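Source file: start18.txt; contents: compact mmCIF, C-alpha atoms.
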# COMPACT_ATOMS: atom_id res chain seq x y z
CA MET A 1265 5.31 134.90 127.98
CA SER A 1266 2.14 132.98 127.08
CA VAL A 1267 -0.40 134.78 124.89
CA THR A 1268 -4.09 134.02 125.47
CA GLN A 1269 -7.05 134.14 123.12
CA GLN A 1270 -8.58 136.87 125.30
CA GLN A 1271 -5.51 139.07 124.78
CA VAL A 1272 -5.92 138.63 121.04
CA LEU A 1273 -9.62 139.47 121.21
CA ASP A 1274 -8.88 142.56 123.31
CA ALA A 1275 -6.41 143.76 120.67
CA LEU A 1276 -8.82 143.05 117.82
CA ALA A 1277 -11.61 144.94 119.58
CA LYS A 1278 -9.66 148.14 118.83
CA VAL A 1279 -9.72 147.44 115.06
CA VAL A 1280 -12.74 148.96 113.29
CA SER A 1281 -14.33 147.03 110.45
CA PRO A 1282 -15.68 148.61 107.21
CA ARG A 1283 -19.10 148.33 108.83
CA GLY A 1284 -18.04 150.90 111.46
CA ILE A 1285 -18.05 148.49 114.40
CA ALA A 1286 -15.33 146.62 116.25
CA LEU A 1287 -13.85 143.67 114.41
CA THR A 1288 -14.80 141.37 117.28
CA GLU A 1289 -18.48 142.33 116.87
CA SER A 1290 -18.56 141.87 113.08
CA ASN A 1291 -19.17 138.11 113.16
CA VAL A 1292 -16.31 137.46 110.72
CA LEU A 1293 -13.59 135.91 112.89
CA SER A 1294 -12.69 132.24 112.78
CA ALA A 1295 -11.51 130.32 115.83
CA ILE A 1296 -8.28 131.85 117.14
CA THR A 1297 -5.24 129.67 117.74
CA ALA A 1298 -2.79 131.18 120.24
CA ASN A 1299 0.06 128.91 121.25
CA ASP A 1300 3.61 129.61 122.41
CA GLY A 1301 3.64 133.15 121.01
CA LYS A 1302 2.15 132.17 117.65
CA VAL A 1303 -1.32 133.39 116.66
CA PHE A 1304 -3.37 132.17 113.68
CA PHE A 1305 -6.90 133.03 112.58
CA SER A 1306 -8.88 134.14 109.54
CA ILE A 1307 -11.40 136.86 108.68
CA ASN A 1308 -14.29 135.39 106.69
CA VAL A 1309 -16.26 137.76 104.43
CA GLU A 1310 -18.21 137.64 101.20
CA ALA A 1311 -16.25 137.93 97.96
CA GLY A 1312 -17.82 141.27 97.04
CA GLU A 1313 -16.50 142.84 100.25
CA ALA A 1314 -12.97 141.43 100.09
CA ARG A 1315 -11.27 144.56 98.77
CA ALA A 1316 -12.70 146.72 101.56
CA TRP A 1317 -11.54 144.24 104.20
CA GLU A 1318 -7.91 143.84 103.08
CA ASN A 1319 -6.78 146.93 105.01
CA VAL A 1320 -8.64 145.63 108.07
CA ARG A 1321 -6.78 142.31 107.76
CA ALA A 1322 -3.46 144.19 107.76
CA GLN A 1323 -4.52 146.29 110.78
CA ALA A 1324 -5.62 143.15 112.64
CA GLU A 1325 -2.30 141.45 111.96
CA ALA A 1326 -0.38 144.54 113.14
CA ALA A 1327 -2.49 144.74 116.30
CA VAL A 1328 -1.79 141.11 117.16
CA ARG A 1329 1.93 141.43 116.43
CA ALA A 1330 2.04 144.34 118.91
CA ILE A 1331 0.87 142.12 121.81
CA PRO A 1332 3.82 141.43 124.15
CA GLY A 1333 4.93 137.83 123.71
CA VAL A 1334 3.65 137.39 120.14
CA THR A 1335 6.43 136.17 117.86
CA THR A 1336 4.37 135.20 114.81
CA ALA A 1337 0.95 136.31 113.56
CA MET A 1338 -0.78 134.94 110.48
CA VAL A 1339 -4.14 136.43 109.53
CA ALA A 1340 -5.86 135.23 106.38
CA LEU A 1341 -8.72 136.92 104.55
CA THR A 1342 -11.22 134.32 103.36
CA ALA A 1343 -13.66 135.52 100.69
CA GLU A 1344 -16.53 133.29 99.60
CA ARG A 1345 -19.01 133.87 96.82
CA LYS A 1346 -22.75 133.64 97.34
CA PRO A 1347 -24.54 131.08 95.16
CA ALA A 1348 -25.30 132.62 91.77
CA ALA A 1349 -28.81 134.02 91.42
CA ALA A 1350 -31.06 132.72 88.67
CA ALA A 1351 -30.84 134.66 85.42
CA PRO A 1352 -33.70 137.16 84.89
CA PRO A 1353 -36.27 136.28 82.21
CA PRO A 1354 -35.76 137.71 78.72
CA HIS A 1355 -37.02 141.30 78.35
CA ARG A 1356 -40.20 141.58 76.31
CA HIS A 1357 -40.47 144.54 73.95
CA ALA A 1358 -43.33 146.02 71.97
CA PRO A 1359 -43.88 144.74 68.41
CA GLY A 1360 -41.85 146.66 65.86
CA VAL A 1361 -39.54 148.17 68.48
CA ALA A 1362 -35.99 146.88 68.40
CA PRO A 1363 -34.73 145.73 71.76
CA VAL A 1364 -31.93 147.73 73.36
CA SER A 1365 -28.86 145.55 73.63
CA SER A 1366 -27.49 145.17 77.13
CA HIS A 1367 -24.53 143.12 75.94
CA ARG A 1368 -21.13 144.29 77.15
CA PRO A 1369 -17.89 143.04 75.73
CA PRO A 1370 -16.25 140.50 78.01
CA GLN A 1371 -13.64 142.00 80.33
CA SER A 1372 -10.26 140.31 80.47
CA PRO A 1373 -9.33 139.69 84.07
CA ALA A 1374 -5.79 140.45 85.11
CA SER A 1375 -3.57 137.39 84.89
CA PRO A 1376 -2.95 135.80 88.33
CA MET A 1377 0.73 135.64 87.33
CA SER A 1378 0.83 139.45 87.16
CA LYS A 1379 1.27 139.46 90.96
CA GLN A 1380 4.60 137.66 90.74
CA SER A 1381 7.65 139.42 92.13
CA GLU A 1382 11.17 138.27 92.84
CA ILE A 1383 12.35 137.71 96.41
CA PRO A 1384 15.24 140.13 96.97
CA GLY A 1385 18.56 138.33 97.31
CA ILE A 1386 17.38 135.00 95.85
CA ALA A 1387 18.51 134.17 92.33
CA ALA A 1388 16.26 131.14 91.73
CA VAL A 1389 13.28 129.59 93.51
CA ILE A 1390 12.56 125.98 92.54
CA ALA A 1391 9.77 123.65 93.67
CA VAL A 1392 10.18 119.99 94.57
CA ALA A 1393 6.76 118.42 94.12
CA SER A 1394 4.90 115.15 93.78
CA GLY A 1395 1.44 114.19 92.65
CA LYS A 1396 0.87 112.10 95.77
CA GLY A 1397 2.31 111.60 99.23
CA GLY A 1398 4.60 108.83 100.39
CA VAL A 1399 7.12 108.98 97.54
CA GLY A 1400 10.01 110.49 99.55
CA LYS A 1401 9.64 114.05 98.31
CA SER A 1402 10.83 115.79 101.49
CA THR A 1403 13.83 113.49 101.91
CA THR A 1404 14.75 114.15 98.29
CA ALA A 1405 14.27 117.91 98.64
CA LEU A 1406 16.59 118.10 101.66
CA ASN A 1407 19.31 115.90 100.19
CA LEU A 1408 19.06 117.75 96.87
CA ALA A 1409 19.57 121.04 98.74
CA LEU A 1410 22.65 119.54 100.42
CA GLY A 1411 23.91 118.27 97.07
CA LEU A 1412 23.58 121.79 95.63
CA ARG A 1413 25.43 123.11 98.69
CA ASP A 1414 28.28 120.68 98.00
CA LEU A 1415 28.54 122.14 94.50
CA GLY A 1416 29.44 125.49 96.04
CA LEU A 1417 26.01 127.17 95.89
CA ARG A 1418 24.31 129.21 98.62
CA VAL A 1419 21.11 127.29 99.29
CA GLY A 1420 17.95 127.70 101.33
CA LEU A 1421 15.17 125.19 102.04
CA LEU A 1422 11.54 126.18 102.61
CA ASP A 1423 9.21 123.47 103.91
CA ALA A 1424 5.87 124.56 102.44
CA ASP A 1425 4.08 121.32 103.30
CA ILE A 1426 1.62 123.03 105.66
CA TYR A 1427 -0.39 119.94 106.58
CA GLY A 1428 2.56 117.58 107.07
CA PRO A 1429 5.85 119.42 107.59
CA SER A 1430 8.71 116.89 107.62
CA VAL A 1431 11.79 119.11 107.61
CA PRO A 1432 11.99 119.60 111.41
CA ARG A 1433 12.24 115.83 111.85
CA LEU A 1434 14.56 115.34 108.85
CA THR A 1435 16.98 118.00 110.11
CA GLY A 1436 16.66 117.44 113.85
CA ILE A 1437 15.81 121.12 114.34
CA ARG A 1438 13.87 121.91 117.53
CA ASP A 1439 14.67 125.64 117.67
CA LYS A 1440 12.13 128.39 117.07
CA PRO A 1441 12.98 131.15 114.57
CA LEU A 1442 13.81 134.55 116.02
CA LEU A 1443 12.77 137.93 114.62
CA ASN A 1444 15.18 140.56 113.33
CA ASP A 1445 14.79 144.32 113.78
CA ASP A 1446 12.45 144.44 110.77
CA ARG A 1447 10.15 141.84 112.40
CA LYS A 1448 11.15 139.25 109.81
CA MET A 1449 11.78 135.65 110.83
CA ILE A 1450 15.41 134.56 110.74
CA PRO A 1451 15.76 131.11 109.11
CA ILE A 1452 17.44 128.37 111.13
CA GLN A 1453 20.97 127.61 109.94
CA ARG A 1454 21.77 123.89 109.78
CA PHE A 1455 24.17 121.93 107.57
CA GLY A 1456 25.12 125.15 105.78
CA LEU A 1457 21.49 125.72 104.68
CA ALA A 1458 19.03 128.49 105.57
CA ILE A 1459 15.92 126.54 106.61
CA MET A 1460 12.33 127.59 107.37
CA SER A 1461 9.30 125.39 108.05
CA ILE A 1462 5.79 125.86 109.37
CA GLY A 1463 6.80 122.99 111.64
CA PHE A 1464 9.11 125.39 113.51
CA LEU A 1465 6.06 127.45 114.50
CA VAL A 1466 3.68 124.71 115.68
CA GLU A 1467 4.07 121.57 117.75
CA GLU A 1468 4.78 118.36 115.84
CA ASP A 1469 1.46 116.72 116.74
CA THR A 1470 -0.66 119.82 115.98
CA ALA A 1471 -3.38 119.14 113.41
CA MET A 1472 -3.30 121.94 110.83
CA ILE A 1473 -7.02 122.16 110.03
CA TRP A 1474 -6.69 125.15 107.73
CA ARG A 1475 -8.76 126.21 104.75
CA GLY A 1476 -7.14 127.18 101.47
CA PRO A 1477 -6.77 130.95 102.14
CA MET A 1478 -4.98 130.25 105.44
CA VAL A 1479 -2.55 127.91 103.66
CA MET A 1480 -1.93 130.52 100.99
CA SER A 1481 -1.33 133.22 103.62
CA ALA A 1482 1.15 131.03 105.52
CA ILE A 1483 3.16 130.21 102.39
CA THR A 1484 3.23 133.85 101.34
CA GLN A 1485 4.51 134.86 104.77
CA MET A 1486 7.23 132.21 104.76
CA LEU A 1487 8.36 133.48 101.38
CA ARG A 1488 8.15 137.21 102.05
CA ASP A 1489 8.52 137.64 105.81
CA VAL A 1490 11.71 135.62 106.21
CA ALA A 1491 15.18 137.22 106.13
CA TRP A 1492 16.61 134.73 103.61
CA GLY A 1493 19.72 136.76 102.90
CA THR A 1494 21.60 136.11 99.65
CA LEU A 1495 20.91 132.72 98.07
CA ASP A 1496 21.66 131.15 94.71
CA ILE A 1497 18.76 128.70 95.04
CA LEU A 1498 15.78 128.41 97.38
CA VAL A 1499 14.45 124.83 97.29
CA VAL A 1500 10.75 124.67 98.21
CA ASP A 1501 9.44 121.35 99.49
CA MET A 1502 5.82 121.45 98.31
CA PRO A 1503 2.87 119.54 99.75
CA PRO A 1504 1.74 116.63 97.59
CA GLY A 1505 -0.94 117.19 94.98
CA THR A 1506 -1.97 120.10 92.78
CA GLY A 1507 -3.88 122.50 95.03
CA ASP A 1508 -3.79 125.92 96.67
CA ALA A 1509 -0.19 125.70 97.85
CA GLN A 1510 1.21 124.99 94.39
CA LEU A 1511 -0.89 127.71 92.78
CA THR A 1512 0.04 130.24 95.49
CA LEU A 1513 3.74 129.63 94.95
CA ALA A 1514 3.46 129.88 91.15
CA GLN A 1515 1.45 133.12 91.41
CA ASN A 1516 3.66 134.67 94.10
CA VAL A 1517 7.15 134.24 92.68
CA PRO A 1518 8.46 133.56 89.18
CA LEU A 1519 9.55 129.97 89.72
CA LYS A 1520 12.66 129.06 87.76
CA GLY A 1521 11.68 125.42 87.66
CA ALA A 1522 9.96 122.42 89.24
CA ILE A 1523 11.22 118.91 89.99
CA ILE A 1524 8.76 116.02 90.14
CA ILE A 1525 9.43 113.10 92.50
CA SER A 1526 7.87 109.73 91.67
CA THR A 1527 8.34 106.05 92.39
CA PRO A 1528 8.46 103.66 89.41
CA GLN A 1529 4.99 102.21 89.94
CA ASP A 1530 2.14 103.13 87.60
CA LEU A 1531 -0.06 104.59 90.36
CA SER A 1532 2.62 107.10 91.32
CA LEU A 1533 3.36 107.95 87.69
CA ILE A 1534 -0.30 108.79 87.03
CA ASP A 1535 -0.14 111.42 89.79
CA ALA A 1536 3.28 112.61 88.61
CA ARG A 1537 1.74 113.37 85.19
CA ARG A 1538 -0.83 115.59 86.89
CA GLY A 1539 1.93 117.49 88.67
CA LEU A 1540 3.80 117.97 85.40
CA ALA A 1541 0.65 119.16 83.65
CA MET A 1542 -0.09 121.66 86.42
CA PHE A 1543 3.34 123.30 86.30
CA LYS A 1544 3.25 123.49 82.52
CA LYS A 1545 -0.20 125.09 82.71
CA VAL A 1546 1.17 127.92 84.88
CA ASN A 1547 4.28 128.27 82.66
CA VAL A 1548 6.78 126.89 85.16
CA PRO A 1549 9.69 125.06 83.47
CA VAL A 1550 10.00 121.41 84.48
CA LEU A 1551 13.62 120.74 85.41
CA GLY A 1552 13.05 117.01 85.42
CA ILE A 1553 11.81 113.86 87.12
CA VAL A 1554 13.53 111.87 89.88
CA GLU A 1555 12.72 108.18 90.30
CA ASN A 1556 12.81 107.60 94.06
CA MET A 1557 12.78 104.10 95.64
CA SER A 1558 13.96 103.00 92.23
CA TYR A 1559 15.24 99.60 93.36
CA PHE A 1560 16.31 97.69 96.48
CA GLN A 1561 19.71 96.05 96.84
CA CYS A 1562 20.02 93.55 99.68
CA PRO A 1563 22.84 94.66 102.02
CA HIS A 1564 23.63 91.00 102.84
CA CYS A 1565 23.60 89.14 99.53
CA GLY A 1566 23.72 92.00 97.04
CA THR A 1567 20.63 90.80 95.18
CA ARG A 1568 18.71 93.61 93.49
CA SER A 1569 14.91 93.68 93.69
CA ASP A 1570 12.67 96.07 91.76
CA ILE A 1571 10.02 96.26 94.47
CA PHE A 1572 7.97 99.01 92.80
CA GLY A 1573 8.98 98.13 89.24
CA HIS A 1574 11.84 100.00 87.61
CA GLY A 1575 12.40 102.63 84.94
CA GLY A 1576 8.85 103.95 84.87
CA ALA A 1577 9.88 107.53 85.68
CA ARG A 1578 12.65 107.46 83.07
CA HIS A 1579 10.24 106.27 80.39
CA GLU A 1580 7.70 108.91 81.45
CA ALA A 1581 10.33 111.62 81.21
CA GLU A 1582 11.26 110.46 77.71
CA ARG A 1583 7.61 110.33 76.68
CA LEU A 1584 6.95 113.86 77.95
CA ALA A 1585 10.29 115.21 76.65
CA VAL A 1586 11.50 116.44 80.07
CA PRO A 1587 14.90 115.69 81.63
CA PHE A 1588 15.37 112.53 83.69
CA LEU A 1589 17.46 113.55 86.69
CA GLY A 1590 18.34 110.20 88.22
CA GLU A 1591 17.44 107.12 90.25
CA VAL A 1592 17.56 106.99 94.05
CA PRO A 1593 17.49 103.49 95.56
CA LEU A 1594 15.32 102.28 98.42
CA HIS A 1595 18.00 101.88 101.08
CA MET A 1596 18.07 101.59 104.85
CA ALA A 1597 20.83 104.22 105.18
CA ILE A 1598 18.66 106.90 103.57
CA ARG A 1599 15.72 106.00 105.79
CA ALA A 1600 17.75 105.76 109.01
CA THR A 1601 19.64 109.02 108.52
CA SER A 1602 16.39 110.82 107.68
CA ASP A 1603 14.69 109.56 110.84
CA SER A 1604 17.68 110.59 112.98
CA GLY A 1605 17.81 114.14 111.60
CA THR A 1606 21.20 113.62 109.93
CA PRO A 1607 20.46 113.40 106.16
CA VAL A 1608 22.63 110.99 104.21
CA VAL A 1609 24.44 113.63 102.12
CA GLU A 1610 25.59 115.23 105.39
CA SER A 1611 26.26 112.11 107.46
CA GLU A 1612 27.79 109.94 104.71
CA PRO A 1613 29.26 112.49 102.28
CA ASP A 1614 31.61 109.98 100.65
CA GLY A 1615 28.97 107.27 100.25
CA PRO A 1616 27.19 106.18 97.06
CA HIS A 1617 23.88 107.81 98.00
CA ALA A 1618 25.40 111.25 98.55
CA ALA A 1619 27.00 110.90 95.12
CA ILE A 1620 23.59 110.23 93.56
CA TYR A 1621 22.05 113.35 95.11
CA ARG A 1622 25.02 115.48 94.08
CA ALA A 1623 24.71 114.18 90.51
CA ILE A 1624 21.02 115.17 90.50
CA GLY A 1625 21.99 118.54 91.94
CA ALA A 1626 24.56 119.05 89.19
CA LYS A 1627 21.90 118.53 86.51
CA VAL A 1628 19.64 121.06 88.25
CA ARG A 1629 22.48 123.57 88.65
CA ASP A 1630 23.44 123.30 84.99
CA GLN A 1631 19.89 124.19 83.91
CA LEU A 1632 19.88 127.22 86.23
CA GLN A 1633 23.42 128.36 85.50
CA ASP A 1634 22.41 131.42 83.46
CA VAL A 1635 19.88 132.56 86.09
CA ILE A 1636 22.38 132.20 88.92
CA ALA A 1637 25.15 133.94 86.98
CA ALA A 1638 22.88 136.87 86.13
CA ALA A 1639 21.84 137.51 89.73
Exercise: express the given structure as structure tokens:
Amino acid sequence: MSVTQQQVLDALAKVVSPRGIALTESNVLSAITANDGKVFFSINVEAGEARAWENVRAQAEAAVRAIPGVTTAMVALTAERKPAAAAPPPHRHAPGVAPVSSHRPPQSPASPMSKQSEIPGIAAVIAVASGKGGVGKSTTALNLALGLRDLGLRVGLLDADIYGPSVPRLTGIRDKPLLNDDRKMIPIQRFGLAIMSIGFLVEEDTAMIWRGPMVMSAITQMLRDVAWGTLDILVVDMPPGTGDAQLTLAQNVPLKGAIIISTPQDLSLIDARRGLAMFKKVNVPVLGIVENMSYFQCPHCGTRSDIFGHGGARHEAERLAVPFLGEVPLHMAIRATSDSGTPVVESEPDGPHAAIYRAIGAKVRDQLQDVIAAA
């Protein structure tokens, strides 16, 4: 059953805002996206009103979920601050009269990390990240997850790259997630992995023109509103860079570690350093660096070419005193199997590339052994 924007507006008209009028008349709604049972929009208010509107956001989301045919509803609360007003002039006091101090001791805001909470049933959540796009992060994340699976672990994969989800293409998944009795999304099972991606909820060519709060809301829902079951490790394929998505994940769950993907070239390494610095700043352990597209070996003559240089990621890991997890070559088999939705660890399990990913997975598993054993 197709859900229309008008149906959504009709449902929202029954939600009363803190101003005592219908939500649809409060001039706070963004454009509403309603497509194939999935509804997305945001409520835009001033920062000082945000607390009062949070309950309204929850009511709006519940109202939309109750519309027949709606399978997914994501409602973000966007709070913006007004420009700061100019400081008032200094108070003048009469000669000989001491001024009354209006100084108040600075208040310590609650740490953003105080909102962290574990995801029930998941022993360890790790992030696979990169400072820039185009370094093969998603391909590495998927094959790493498969390598961890081959080591006997129960593994899930969350594609948190909201603007450019690659996992549907890399896995060949075209199915839509179903909801269980608790209205939680059931991850798609493929290759022995529990997999969830924003790409399962929108069409492949849909432009995700979302502001930061909407991205944060989507990631939070894919973490919390998915029936992950019991997992040893949830691998999260992060979007490139050091923005809202990375901060949301670090603030939402106590990450057990992060893996940085880089090519050997200097330009990629500069961005990789930023990614490392960001995770260290939010107290997330760095499990190590992977040098992707490390070298090219001609399949005809066997000649090796260091197209992007070689060894840069290893040297960077040594310089920053973080583990170096391994080198993955630039090879046609990895590219072809990724494009066909049959990742190389699954389609060529006895090949040299699968062995490389499993070796990387073993180094990751060994660092998380205590966490997994304690769960």
One number please: CA of Val1309 (chain A) to CA of Thr1342 (chain A), in Å, one decimal.
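Between CA of Val1309 (chain A) and CA of Thr1342 (chain A) the gap works out to 6.2 Å.
The gap separating CA of Ser1402 (chain A) from CA of Val1431 (chain A) is 7.0 Å, in Å to one decimal.
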Figure out the distance between CA of Gly1411 (chain A) and CA of Gly1590 (chain A), please, to one decimal in Å.
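Rounded to one decimal, the two atoms are 13.2 Å apart.
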Please provide as a VMD selection string all residues within 9 Å of Thr1601 (chain A), with the sequence filter that same-chain residues fewer than 5 positions apart are discarded (counting all atoms listed in the file).
chain A and resid 1434 1596 1606 to 1608 1611
Skip Arg1329 (chain A) itself and residues of its chain fewer than 4 positions away, then list as a PyMOL selection string all residues within 10 Å of it, counting all atoms listed in the file.
chain A and resi 1272+1275+1301-1303+1323-1325+1333-1338+1447
Selected residue, from A:Pro1441, A:Pro1432, A:Pro1613, A:Pro1587, that lies nearest to Leu1410 (chain A) when counting only C-alpha atoms:
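Residue with the minimum atom-to-atom distance to Leu1410 (chain A): A:Pro1613.
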Go ahead and fit an axis-aligned box to every listed atom of region 1292-1297 of chain A plus 8 Å each side, and pass me the centre and edge lengths in Å, one decimal, as AutoDock Vina command-line options.
--center_x -10.8 --center_y 133.6 --center_z 114.2 --size_x 27.1 --size_y 23.8 --size_z 23.0
Write out as JSON, numbers by chain the residues lying within 10 Å of Pro1503 (chain A), counting only C-alpha atoms and excluding same-chain residues fewer than 4 positions away.
{"A": [1392, 1393, 1394, 1395, 1396, 1397, 1401, 1402, 1423, 1424, 1425, 1426, 1427, 1428, 1429, 1507, 1508, 1509, 1510]}
Could you list, as a list of chain:residue names, every residue within 10 Å of Leu1632 (chain A), counting all atoms listed in the file and ignoring same-chain residues fewer than 2 positions away?
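Counting all atoms listed in the file, the residues come to A:Ala1387, A:Ala1388, A:Ile1390, A:Asp1496, A:Ile1497, A:Lys1520, A:Gly1521, A:Leu1551, A:Ala1626, A:Lys1627, A:Val1628, A:Arg1629, A:Asp1630, A:Asp1634, A:Val1635, A:Ile1636, A:Ala1637.
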Polymer residues at most 12 Å from Arg1433 (chain A), all atoms listed in the file, same-chain spacing of 5 or more positions, as a list in words
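Those residues are Ser1402, Thr1403, Leu1406, Asp1423, Gly1428, Arg1438, Asp1439, Ser1461, Gly1463, Phe1464, Glu1467, Glu1468, Asp1469, Ala1600, Thr1601, Ser1602, Asp1603, Ser1604, Gly1605, Thr1606 and Pro1607 of chain A.
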